[in-house]
Number of protein chains: 2
Amino acid sequence: MKHITIKDVAKKLNCSVSTISRAFNDKYDIRKETREHILATAKEMGYSPNPIAKSLLKQCSNQIGVVIPEFINAFFPEVIIGIQEVLIKKGYQVLIMQSNESHITELENVKTLENNMVDGMIISLSLGTKNVDYYKYLISRGFPLVLFNRVSNELETSKVLFDDYKWAFFATEHLIYQGYVKIVHFSGPSGLVISQNRKNGFLDALRKHKIPFDESSIIETGFMISDGEREMEKLINENNLPEAILAVNDPTAIGAMKTLKKHGYKVPYDVALVGFTETKLAELIDPPLTSVAQPTHEIGKTAARLLLEQIESNGIFVPQTVILNGRLNIRESSMKLK
Amino acid sequence: MKHITIKDVAKKLNCSVSTISRAFNDKYDIRKETREHILATAKEMGYSPNPIAKSLLKQCSNQIGVVIPEFINAFFPEVIIGIQEVLIKKGYQVLIMQSNESHITELENVKTLENNMVDGMIISLSLGTKNVDYYKYLISRGFPLVLFNRVSNELETSKVLFDDYKWAFFATEHLIYQGYVKIVHFSGPSGLVISQNRKNGFLDALRKHKIPFDESSIIETGFMISDGEREMEKLINENNLPEAILAVNDPTAIGAMKTLKKHGYKVPYDVALVGFTETKLAELIDPPLTSVAQPTHEIGKTAARLLLEQIESNGIFVPQTVILNGRLNIRESSMKLK
DNA sequence: ATGGTTTTCGGAAACGTTTCCGGAGAATAA
DNA sequence: TTATTCTCCGGAAACGTTTCCGAAAACCAT
């Protein structure tokens with residue numbers, strides 16, 4: 001039950017605690033033999049320095065906080081793997097918390113992490129987050145912060161993004177080249193920058209190719225399979241099927257596909273589908289889903305590296321925005337088959 | 001940059017730090033008005049007690065550590081959601097670490113969490129973990145520990161399990177009732193108890209129905225899609241296709257399905273498939289995969305509850321093993337179609 | 001031998017809390 | 001009135017570290 005502390009080691013070795021500390025921290029003012037002797041007996045006793053005490057003193061914890069909206073879709077876990085890959089090598093621990101798309105939970109999480117003296121945070125904002133004042137406050141104090149995926153233009157901090165506009169544009173052009181005309185976009189929640197960018201890419205592609213559209217061409221939805229199901233169900237009930245759908249992400253595309261199948265429609269014969277955010281499901285589902293692949297691991301790694309840069313630079317730091325590249329994986333769900 | 005501490009509040013209010021502490025900890029020996037006044041100004045100043053200092057003093061942190069082997073398959077994230085659901089309500093934070101199936105990383109994670117004074121841990125052992133001495137040591141010191149899914153029989157601590165034997169038995173019987181005779185089991189790594197139990201369930205079902213089998217009926221593999229692909233590829237090359245396969249989990253079943261499709265075989269016409277651990281993919285894939293559903297959320301919640309019981313009981317605690325029930329979701333991949 | 005520098009170590013303060021102990025004053029009882 | 005209890009609060013120690021300051025001892029140069 002009782003932990004072995006630096007004092008126990010000092011007592012056993014008949015020396016002061018400061019000497020033990022010096023041995024463990026590779027200070028210059030300690031004799032080499034003394035250090036080795038101390039390290040040996042400490043190891044034998046099973047002593048290791050208490051990080052909590054260290055945090056209290058140093059006012060930092062060698063911990064990084066990560067706050068994500070959810071854990072259910074594969075996207076965020078994959079990003080986290082990338083984050084950990086970089087940070088653990090650097091001796092940081094990664095604390096993960098989920099906000100469940102709630103602004104309140106998100107804020108609580110951030111404050112908890114702050115109280116725990118994390119040295120920085122990597123955050124993807126929740127759906128509910130409109131007010132970013134607390135982040136502004138953190139940034140103004142110089143707190144290291146990196147945003148990814150769900151960001152806010154109001155915040156001047158490092159960001160890792162994906163060129164949503166470009167790839168939504170390409171994906172839409174792909175559908176147009178296939179010969180589809182009546183194309184609908186399942187857009188994400190309108191408050192999010194990624195939703196807006198994807199929507200604009202979609203609309204500009206239609207404009208470029210002079211494809212007519214109106215307000216019914218955009219259907220705002222969420223990010224879950226159930227959201228895709230619900231909207232698809234509505235379209236079927238209204239007997240208003242489009243020829244093709246660009247979905248804001250894979251889960252909504254998959255939801256749409258499930259519902260279409262349930263009602264006896266064939267993908268892509270009756271409705272063609274394109275997803276976004278390339279999850280593993282895309283190539284496993286039937287028919288395989290055309291999707292824009294995001295480099296999830298790379299997003300995580302980049303976010304971690306940007307955070308480290310900011311932590312290691314002492315104050316003099318200019319926020320960077322890194323925009324990563326993707327790929328359109330064309331599969332059966334969007335092919336025009338004659 | 002500077003945090004507001006209890007001393008700042010004390011100075012502002014012209015009182016001692018102990019009074020502030022009393023106000024925040026709802027002690028009896030403080031006047032009601034004093035407490036309210038303190039709380040008000042503290043809130044106004046943006047003060048909140050530093051959990052690190054509290055941890056150091058109290059020798060506990062209100063944090064729970066979770067160590068899982070991997071983050072890639074959906075199983076563990078789903079369990080974690082269940083864990084958090086219970087613990088966060090109780091005011092605990094959940095620290096998640098992944099061992100990447102490495103015994104060394106796992107041990108490092110456990111020691112890191114221990115140093116961070118977590119009040120307990122919920123662990124699923126990695127594939128590489130043969131030596132459980134450190135866990136024995138923790139248990140002998142009375143450290144609260146709950147294992148789930150990947151457990152060790154050597155450890156006397158609370159466990160949350162699934163009746164792998166029973167459900168592997170049922171799943172195999174299902175295949176037998178469909179009329180399949182030449183049935184193969186893709187078993188998990190032989191070192192794991194879950195692998196053994198599922199294998200035994202499989203074999204006993206064959207025995208009960210007097211289905212002949214030999215050593216080629218069991219093919220040992222891993223837990224990933226790629227493992228299923230590899231073993232299926234081998235079977236195809238050997239021109240030695242079984243009529244049906246019971247896979248140790250969904251990813252290996254899906255890997256097998258992918259490879260079968262790639263080579264032009266039809267599921268279930270050429271080979272029938274049954275998975276295990278029911279991931280979301282099972283019902284989305286084509287053909288939909290018959291699979292044993294595990295109550296992942298419930299596993300997490302139960303593990304959290306058992307841990308809380310042990311933490312709240314002061315020493316006098318008898319480890320419990322909870323075995324949760326599942327369900328066989330029969331879908332197209334295992335049907336005998338005439 | 002003497003003065004100065006370097007090496008090596010011990011003592012003590014500090015980080016932000018909680019809690020025990022004791023004391024001042026008020027309230028109660030005799 | 002005096003003695004006793006109760007209420008409320010301040011002081012100080014403690015948790016396990018790191019680091020600054022200073023001191024003893026050893027070294028070097030003159």
# chains A, B, ... in the order shown; residues from 1 in each chain; ligands from 1

$ residues_around --residues "Gly120 (chain A)" --least-positions-apart "4" --cutoff "8 Å" --atoms "only C-alpha atoms (C1' of nucleotides)" --output "PyMOL selection string"
chain A and resi 63-65+143-145+307+311

$ interface_residues --of "chain B" --to "chain A" --cutoff "6 Å" --atoms "only C-alpha atoms" --output "ChimeraX atom specification"
/B:1,50,95,115,141,284-286

$ write_last_selection --atoms "all heavy atoms" --output "mmCIF file, in the first residue's frame"
data_model
loop_
_atom_site.group_PDB
_atom_site.id
_atom_site.type_symbol
_atom_site.label_atom_id
_atom_site.label_comp_id
_atom_site.auth_asym_id
_atom_site.auth_seq_id
_atom_site.Cartn_x
_atom_site.Cartn_y
_atom_site.Cartn_z
ATOM 1 N N MET B 1 -0.878 32.798 -17.449
ATOM 2 C CA MET B 1 0.057 31.687 -17.192
ATOM 3 C C MET B 1 -0.055 31.216 -15.748
ATOM 4 O O MET B 1 -0.059 30.048 -15.467
ATOM 5 C CB MET B 1 1.496 32.157 -17.479
ATOM 6 C CG MET B 1 2.396 31.057 -18.014
ATOM 7 S SD MET B 1 1.764 30.338 -19.563
ATOM 8 C CE MET B 1 2.359 28.668 -19.425
ATOM 9 N N ASN B 50 -6.706 22.717 -6.943
ATOM 10 C CA ASN B 50 -5.753 22.009 -7.795
ATOM 11 C C ASN B 50 -5.762 20.515 -7.466
ATOM 12 O O ASN B 50 -5.351 20.108 -6.383
ATOM 13 C CB ASN B 50 -4.367 22.592 -7.551
ATOM 14 C CG ASN B 50 -3.334 21.957 -8.431
ATOM 15 O OD1 ASN B 50 -3.438 20.793 -8.758
ATOM 16 N ND2 ASN B 50 -2.342 22.731 -8.806
ATOM 17 N N LEU B 95 -8.415 7.546 -17.563
ATOM 18 C CA LEU B 95 -7.210 7.643 -18.390
ATOM 19 C C LEU B 95 -7.075 6.374 -19.216
ATOM 20 O O LEU B 95 -7.060 5.276 -18.673
ATOM 21 C CB LEU B 95 -5.954 7.793 -17.532
ATOM 22 C CG LEU B 95 -5.964 8.883 -16.477
ATOM 23 C CD1 LEU B 95 -4.541 9.099 -15.950
ATOM 24 C CD2 LEU B 95 -6.476 10.167 -17.065
ATOM 25 N N ASN B 115 2.050 5.249 -10.811
ATOM 26 C CA ASN B 115 2.763 6.437 -10.346
ATOM 27 C C ASN B 115 1.860 7.651 -10.316
ATOM 28 O O ASN B 115 2.048 8.553 -9.505
ATOM 29 C CB ASN B 115 3.960 6.722 -11.251
ATOM 30 C CG ASN B 115 5.118 5.800 -10.943
ATOM 31 O OD1 ASN B 115 5.261 5.316 -9.821
ATOM 32 N ND2 ASN B 115 5.929 5.521 -11.938
ATOM 33 N N ARG B 141 -1.052 -6.127 -2.695
ATOM 34 C CA ARG B 141 -1.048 -4.886 -1.929
ATOM 35 C C ARG B 141 -2.454 -4.318 -1.775
ATOM 36 O O ARG B 141 -2.636 -3.241 -1.205
ATOM 37 C CB ARG B 141 -0.174 -3.841 -2.620
ATOM 38 C CG ARG B 141 1.312 -4.119 -2.515
ATOM 39 C CD ARG B 141 2.075 -2.865 -2.849
ATOM 40 N NE ARG B 141 1.312 -2.012 -3.779
ATOM 41 C CZ ARG B 141 1.743 -0.866 -4.245
ATOM 42 N NH1 ARG B 141 2.920 -0.432 -3.907
ATOM 43 N NH2 ARG B 141 1.003 -0.148 -5.061
ATOM 44 N N LEU B 284 -23.560 -4.722 -41.845
ATOM 45 C CA LEU B 284 -23.404 -3.839 -42.996
ATOM 46 C C LEU B 284 -22.744 -4.540 -44.175
ATOM 47 O O LEU B 284 -22.921 -4.172 -45.319
ATOM 48 C CB LEU B 284 -22.554 -2.631 -42.599
ATOM 49 C CG LEU B 284 -23.162 -1.719 -41.542
ATOM 50 C CD1 LEU B 284 -22.168 -0.668 -41.106
ATOM 51 C CD2 LEU B 284 -24.427 -1.071 -42.086
ATOM 52 N N ILE B 285 -21.954 -5.531 -43.861
ATOM 53 C CA ILE B 285 -21.174 -6.187 -44.889
ATOM 54 C C ILE B 285 -22.075 -7.053 -45.767
ATOM 55 O O ILE B 285 -23.215 -7.337 -45.403
ATOM 56 C CB ILE B 285 -20.078 -7.037 -44.198
ATOM 57 C CG1 ILE B 285 -18.908 -7.282 -45.122
ATOM 58 C CG2 ILE B 285 -20.658 -8.319 -43.650
ATOM 59 C CD1 ILE B 285 -17.743 -7.879 -44.392
ATOM 60 N N ASP B 286 -21.579 -7.412 -46.927
ATOM 61 C CA ASP B 286 -22.364 -8.263 -47.824
ATOM 62 C C ASP B 286 -21.655 -9.580 -48.074
ATOM 63 O O ASP B 286 -20.531 -9.584 -48.531
ATOM 64 C CB ASP B 286 -22.574 -7.568 -49.160
ATOM 65 C CG ASP B 286 -23.369 -8.451 -50.107
ATOM 66 O OD1 ASP B 286 -24.559 -8.671 -49.837
ATOM 67 O OD2 ASP B 286 -22.774 -8.940 -51.084
#

$ residues_around --residues "region 239-246 of chain B" --least-positions-apart "4" --cutoff "7 Å" --atoms "only C-alpha atoms (C1' of nucleotides)" --output "ChimeraX atom specification"
/B:172,180-186,235,270-275

$ interface_residues --of "chain C" --to "chain B" --cutoff "10 Å" --atoms "only C-alpha atoms (C1' of nucleotides)" --output "JSON, numbers by chain"
{"C": [15, 16, 17, 18, 19]}

$ write_last_selection --atoms "C-alpha atoms (C1' of nucleotides)" --output "PDB file, in the first residue's frame"
ATOM      1  C1'  DC C  15       4.624  23.839  -5.245  1.00  0.00           C
ATOM      2  C1'  DG C  16      -1.109  23.869  -3.537  1.00  0.00           C
ATOM      3  C1'  DT C  17      -3.676  21.418  -0.888  1.00  0.00           C
ATOM      4  C1'  DT C  18      -5.953  19.082   3.629  1.00  0.00           C
ATOM      5  C1'  DT C  19      -6.252  18.232   8.409  1.00  0.00           C
TER       6       DT C  19
END

$ closest_atom_pairs --of "chain B" --to "chain D" --cutoff "7 Å" --atoms "only C-alpha atoms (C1' of nucleotides)" --output "Markdown table"
| residue | atom | partner | partner_atom | distance |
| --- | --- | --- | --- | --- |
| B:Ser16 | CA | D:DG10 | C1' | 6.1 |
| B:Thr19 | CA | D:DC9 | C1' | 6.9 |
| B:Asp29 | CA | D:DC8 | C1' | 6.2 |
| B:Ile30 | CA | D:DC8 | C1' | 5.8 |
| B:Arg31 | CA | D:DC8 | C1' | 6.6 |
| B:Leu56 | CA | D:DC15 | C1' | 5.1 |
| B:Leu57 | CA | D:DC15 | C1' | 4.2 |

$ select_by_dssp --residues "region 150-309 of chain A" --states "strand (DSSP E or B)" --output "list in words"
Ser158, Lys159, Val160, Leu161, Phe162, Ile183, Val184, His185, Phe186, Ser187, Ile218, Ile219, Glu220, Ala244, Ile245, Leu246, Ala247, Ala272, Leu273, Val274, Gly275, Phe276, Ile285, Thr290, Ser291, Val292 and Ala293 of chain A

$ write_last_selection --atoms "C-alpha atoms" --output "mmCIF file, in the first residue's frame"
data_model
loop_
_atom_site.group_PDB
_atom_site.id
_atom_site.type_symbol
_atom_site.label_atom_id
_atom_site.label_comp_id
_atom_site.auth_asym_id
_atom_site.auth_seq_id
_atom_site.Cartn_x
_atom_site.Cartn_y
_atom_site.Cartn_z
ATOM 1 C CA SER A 158 -2.407 25.897 -34.755
ATOM 2 C CA LYS A 159 -4.806 23.805 -36.773
ATOM 3 C CA VAL A 160 -4.682 20.619 -38.752
ATOM 4 C CA LEU A 161 -7.167 20.578 -41.551
ATOM 5 C CA PHE A 162 -8.210 18.705 -44.569
ATOM 6 C CA ILE A 183 -27.370 15.209 -57.223
ATOM 7 C CA VAL A 184 -28.095 15.857 -53.580
ATOM 8 C CA HIS A 185 -25.689 16.657 -50.771
ATOM 9 C CA PHE A 186 -26.211 15.323 -47.269
ATOM 10 C CA SER A 187 -24.405 18.144 -45.544
ATOM 11 C CA ILE A 218 -28.757 20.408 -49.721
ATOM 12 C CA ILE A 219 -30.085 18.325 -46.864
ATOM 13 C CA GLU A 220 -28.576 19.155 -43.516
ATOM 14 C CA ALA A 244 -26.745 10.493 -56.691
ATOM 15 C CA ILE A 245 -25.844 11.630 -53.186
ATOM 16 C CA LEU A 246 -22.640 13.153 -51.881
ATOM 17 C CA ALA A 247 -22.655 12.429 -48.185
ATOM 18 C CA ALA A 272 -25.315 6.445 -56.495
ATOM 19 C CA LEU A 273 -23.448 7.234 -53.296
ATOM 20 C CA VAL A 274 -20.188 8.909 -52.344
ATOM 21 C CA GLY A 275 -18.908 9.139 -48.785
ATOM 22 C CA PHE A 276 -16.241 11.110 -47.024
ATOM 23 C CA ILE A 285 -19.740 -2.801 -47.428
ATOM 24 C CA THR A 290 -16.685 5.472 -53.121
ATOM 25 C CA SER A 291 -15.189 7.777 -50.549
ATOM 26 C CA VAL A 292 -12.750 10.593 -49.946
ATOM 27 C CA ALA A 293 -9.939 9.177 -47.850
#

$ select_by_dssp --residues "region 20-202 of chain A" --states "alpha helix (DSSP H)" --output "PyMOL selection string"
chain A and resi 20-24+32-45+51-58+75-89+103-115+133-140+164-177+193-202

$ closest_residue --among "B:Asn131, B:Ser102, B:Glu108, B:Lys261" --to "Ile88 (chain A)" --atoms "only C-alpha atoms"
B:Glu108

$ residues_around --residues "Arg230 (chain B)" --least-positions-apart "2" --cutoff "10 Å" --atoms "only C-alpha atoms (C1' of nucleotides)" --output "ChimeraX atom specification"
/B:221,225-228,232-235,252,255-256,259

$ write_last_selection --atoms "C-alpha atoms" --output "mmCIF file, in the first residue's frame"
data_model
loop_
_atom_site.group_PDB
_atom_site.id
_atom_site.type_symbol
_atom_site.label_atom_id
_atom_site.label_comp_id
_atom_site.auth_asym_id
_atom_site.auth_seq_id
_atom_site.Cartn_x
_atom_site.Cartn_y
_atom_site.Cartn_z
ATOM 1 C CA THR B 221 -4.736 -16.990 -36.083
ATOM 2 C CA ILE B 225 -8.869 -8.563 -40.639
ATOM 3 C CA SER B 226 -5.464 -9.274 -42.142
ATOM 4 C CA ASP B 227 -5.209 -12.486 -40.111
ATOM 5 C CA GLY B 228 -8.426 -13.771 -41.607
ATOM 6 C CA MET B 232 -8.159 -17.878 -46.034
ATOM 7 C CA GLU B 233 -5.604 -17.264 -48.746
ATOM 8 C CA LYS B 234 -3.715 -20.335 -47.533
ATOM 9 C CA LEU B 235 -6.801 -22.513 -47.592
ATOM 10 C CA THR B 252 -11.108 -12.482 -39.006
ATOM 11 C CA GLY B 255 -11.005 -10.944 -43.672
ATOM 12 C CA ALA B 256 -11.962 -14.427 -44.766
ATOM 13 C CA THR B 259 -10.505 -13.035 -49.627
#

$ decode --residues "region 195-214 of chain A" --atoms "N, CA, C and O atoms" --output "PDB file, in the first residue's frame"
ATOM      1  N   SER A 195     -18.428  21.368 -42.559  1.00  0.00           N
ATOM      2  CA  SER A 195     -19.688  21.222 -43.280  1.00  0.00           C
ATOM      3  C   SER A 195     -19.790  22.275 -44.371  1.00  0.00           C
ATOM      4  O   SER A 195     -20.137  21.984 -45.515  1.00  0.00           O
ATOM      5  N   GLN A 196     -19.502  23.510 -43.999  1.00  0.00           N
ATOM      6  CA  GLN A 196     -19.602  24.604 -44.962  1.00  0.00           C
ATOM      7  C   GLN A 196     -18.656  24.399 -46.133  1.00  0.00           C
ATOM      8  O   GLN A 196     -19.030  24.565 -47.290  1.00  0.00           O
ATOM      9  N   ASN A 197     -17.421  24.030 -45.831  1.00  0.00           N
ATOM     10  CA  ASN A 197     -16.447  23.842 -46.907  1.00  0.00           C
ATOM     11  C   ASN A 197     -16.866  22.728 -47.856  1.00  0.00           C
ATOM     12  O   ASN A 197     -16.746  22.853 -49.067  1.00  0.00           O
ATOM     13  N   ARG A 198     -17.330  21.629 -47.287  1.00  0.00           N
ATOM     14  CA  ARG A 198     -17.746  20.527 -48.156  1.00  0.00           C
ATOM     15  C   ARG A 198     -18.952  20.952 -48.997  1.00  0.00           C
ATOM     16  O   ARG A 198     -19.038  20.632 -50.178  1.00  0.00           O
ATOM     17  N   LYS A 199     -19.844  21.679 -48.374  1.00  0.00           N
ATOM     18  CA  LYS A 199     -21.022  22.127 -49.098  1.00  0.00           C
ATOM     19  C   LYS A 199     -20.620  23.072 -50.233  1.00  0.00           C
ATOM     20  O   LYS A 199     -21.101  22.947 -51.365  1.00  0.00           O
ATOM     21  N   ASN A 200     -19.722  23.996 -49.944  1.00  0.00           N
ATOM     22  CA  ASN A 200     -19.297  24.936 -50.982  1.00  0.00           C
ATOM     23  C   ASN A 200     -18.589  24.224 -52.130  1.00  0.00           C
ATOM     24  O   ASN A 200     -18.770  24.575 -53.294  1.00  0.00           O
ATOM     25  N   GLY A 201     -17.781  23.233 -51.787  1.00  0.00           N
ATOM     26  CA  GLY A 201     -17.123  22.459 -52.844  1.00  0.00           C
ATOM     27  C   GLY A 201     -18.157  21.778 -53.727  1.00  0.00           C
ATOM     28  O   GLY A 201     -18.057  21.773 -54.962  1.00  0.00           O
ATOM     29  N   PHE A 202     -19.146  21.231 -53.079  1.00  0.00           N
ATOM     30  CA  PHE A 202     -20.237  20.570 -53.804  1.00  0.00           C
ATOM     31  C   PHE A 202     -20.926  21.557 -54.748  1.00  0.00           C
ATOM     32  O   PHE A 202     -21.061  21.312 -55.955  1.00  0.00           O
ATOM     33  N   LEU A 203     -21.318  22.720 -54.204  1.00  0.00           N
ATOM     34  CA  LEU A 203     -22.083  23.686 -54.999  1.00  0.00           C
ATOM     35  C   LEU A 203     -21.245  24.243 -56.148  1.00  0.00           C
ATOM     36  O   LEU A 203     -21.734  24.396 -57.273  1.00  0.00           O
ATOM     37  N   ASP A 204     -19.970  24.524 -55.862  1.00  0.00           N
ATOM     38  CA  ASP A 204     -19.130  25.099 -56.924  1.00  0.00           C
ATOM     39  C   ASP A 204     -18.912  24.109 -58.059  1.00  0.00           C
ATOM     40  O   ASP A 204     -18.799  24.503 -59.222  1.00  0.00           O
ATOM     41  N   ALA A 205     -18.848  22.837 -57.718  1.00  0.00           N
ATOM     42  CA  ALA A 205     -18.704  21.833 -58.784  1.00  0.00           C
ATOM     43  C   ALA A 205     -19.959  21.820 -59.652  1.00  0.00           C
ATOM     44  O   ALA A 205     -19.878  21.762 -60.883  1.00  0.00           O
ATOM     45  N   LEU A 206     -21.114  21.914 -59.012  1.00  0.00           N
ATOM     46  CA  LEU A 206     -22.355  21.978 -59.791  1.00  0.00           C
ATOM     47  C   LEU A 206     -22.356  23.219 -60.690  1.00  0.00           C
ATOM     48  O   LEU A 206     -22.691  23.160 -61.868  1.00  0.00           O
ATOM     49  N   ARG A 207     -21.955  24.345 -60.094  1.00  0.00           N
ATOM     50  CA  ARG A 207     -21.933  25.592 -60.858  1.00  0.00           C
ATOM     51  C   ARG A 207     -20.999  25.474 -62.052  1.00  0.00           C
ATOM     52  O   ARG A 207     -21.337  25.852 -63.178  1.00  0.00           O
ATOM     53  N   LYS A 208     -19.812  24.954 -61.804  1.00  0.00           N
ATOM     54  CA  LYS A 208     -18.827  24.865 -62.878  1.00  0.00           C
ATOM     55  C   LYS A 208     -19.395  24.085 -64.064  1.00  0.00           C
ATOM     56  O   LYS A 208     -19.167  24.436 -65.215  1.00  0.00           O
ATOM     57  N   HIS A 209     -20.120  23.043 -63.759  1.00  0.00           N
ATOM     58  CA  HIS A 209     -20.634  22.191 -64.831  1.00  0.00           C
ATOM     59  C   HIS A 209     -22.075  22.545 -65.204  1.00  0.00           C
ATOM     60  O   HIS A 209     -22.747  21.777 -65.878  1.00  0.00           O
ATOM     61  N   LYS A 210     -22.508  23.679 -64.700  1.00  0.00           N
ATOM     62  CA  LYS A 210     -23.824  24.199 -65.049  1.00  0.00           C
ATOM     63  C   LYS A 210     -24.946  23.194 -64.778  1.00  0.00           C
ATOM     64  O   LYS A 210     -25.847  22.990 -65.592  1.00  0.00           O
ATOM     65  N   ILE A 211     -24.811  22.539 -63.634  1.00  0.00           N
ATOM     66  CA  ILE A 211     -25.866  21.632 -63.206  1.00  0.00           C
ATOM     67  C   ILE A 211     -26.836  22.436 -62.352  1.00  0.00           C
ATOM     68  O   ILE A 211     -26.409  23.096 -61.405  1.00  0.00           O
ATOM     69  N   PRO A 212     -28.099  22.422 -62.683  1.00  0.00           N
ATOM     70  CA  PRO A 212     -29.046  23.205 -61.883  1.00  0.00           C
ATOM     71  C   PRO A 212     -29.204  22.632 -60.476  1.00  0.00           C
ATOM     72  O   PRO A 212     -29.115  21.424 -60.278  1.00  0.00           O
ATOM     73  N   PHE A 213     -29.429  23.518 -59.528  1.00  0.00           N
ATOM     74  CA  PHE A 213     -29.688  23.060 -58.158  1.00  0.00           C
ATOM     75  C   PHE A 213     -30.560  24.074 -57.456  1.00  0.00           C
ATOM     76  O   PHE A 213     -30.668  25.229 -57.885  1.00  0.00           O
ATOM     77  N   ASP A 214     -31.180  23.649 -56.397  1.00  0.00           N
ATOM     78  CA  ASP A 214     -31.945  24.583 -55.574  1.00  0.00           C
ATOM     79  C   ASP A 214     -31.766  24.200 -54.113  1.00  0.00           C
ATOM     80  O   ASP A 214     -30.892  23.394 -53.784  1.00  0.00           O
TER      81      ASP A 214
END
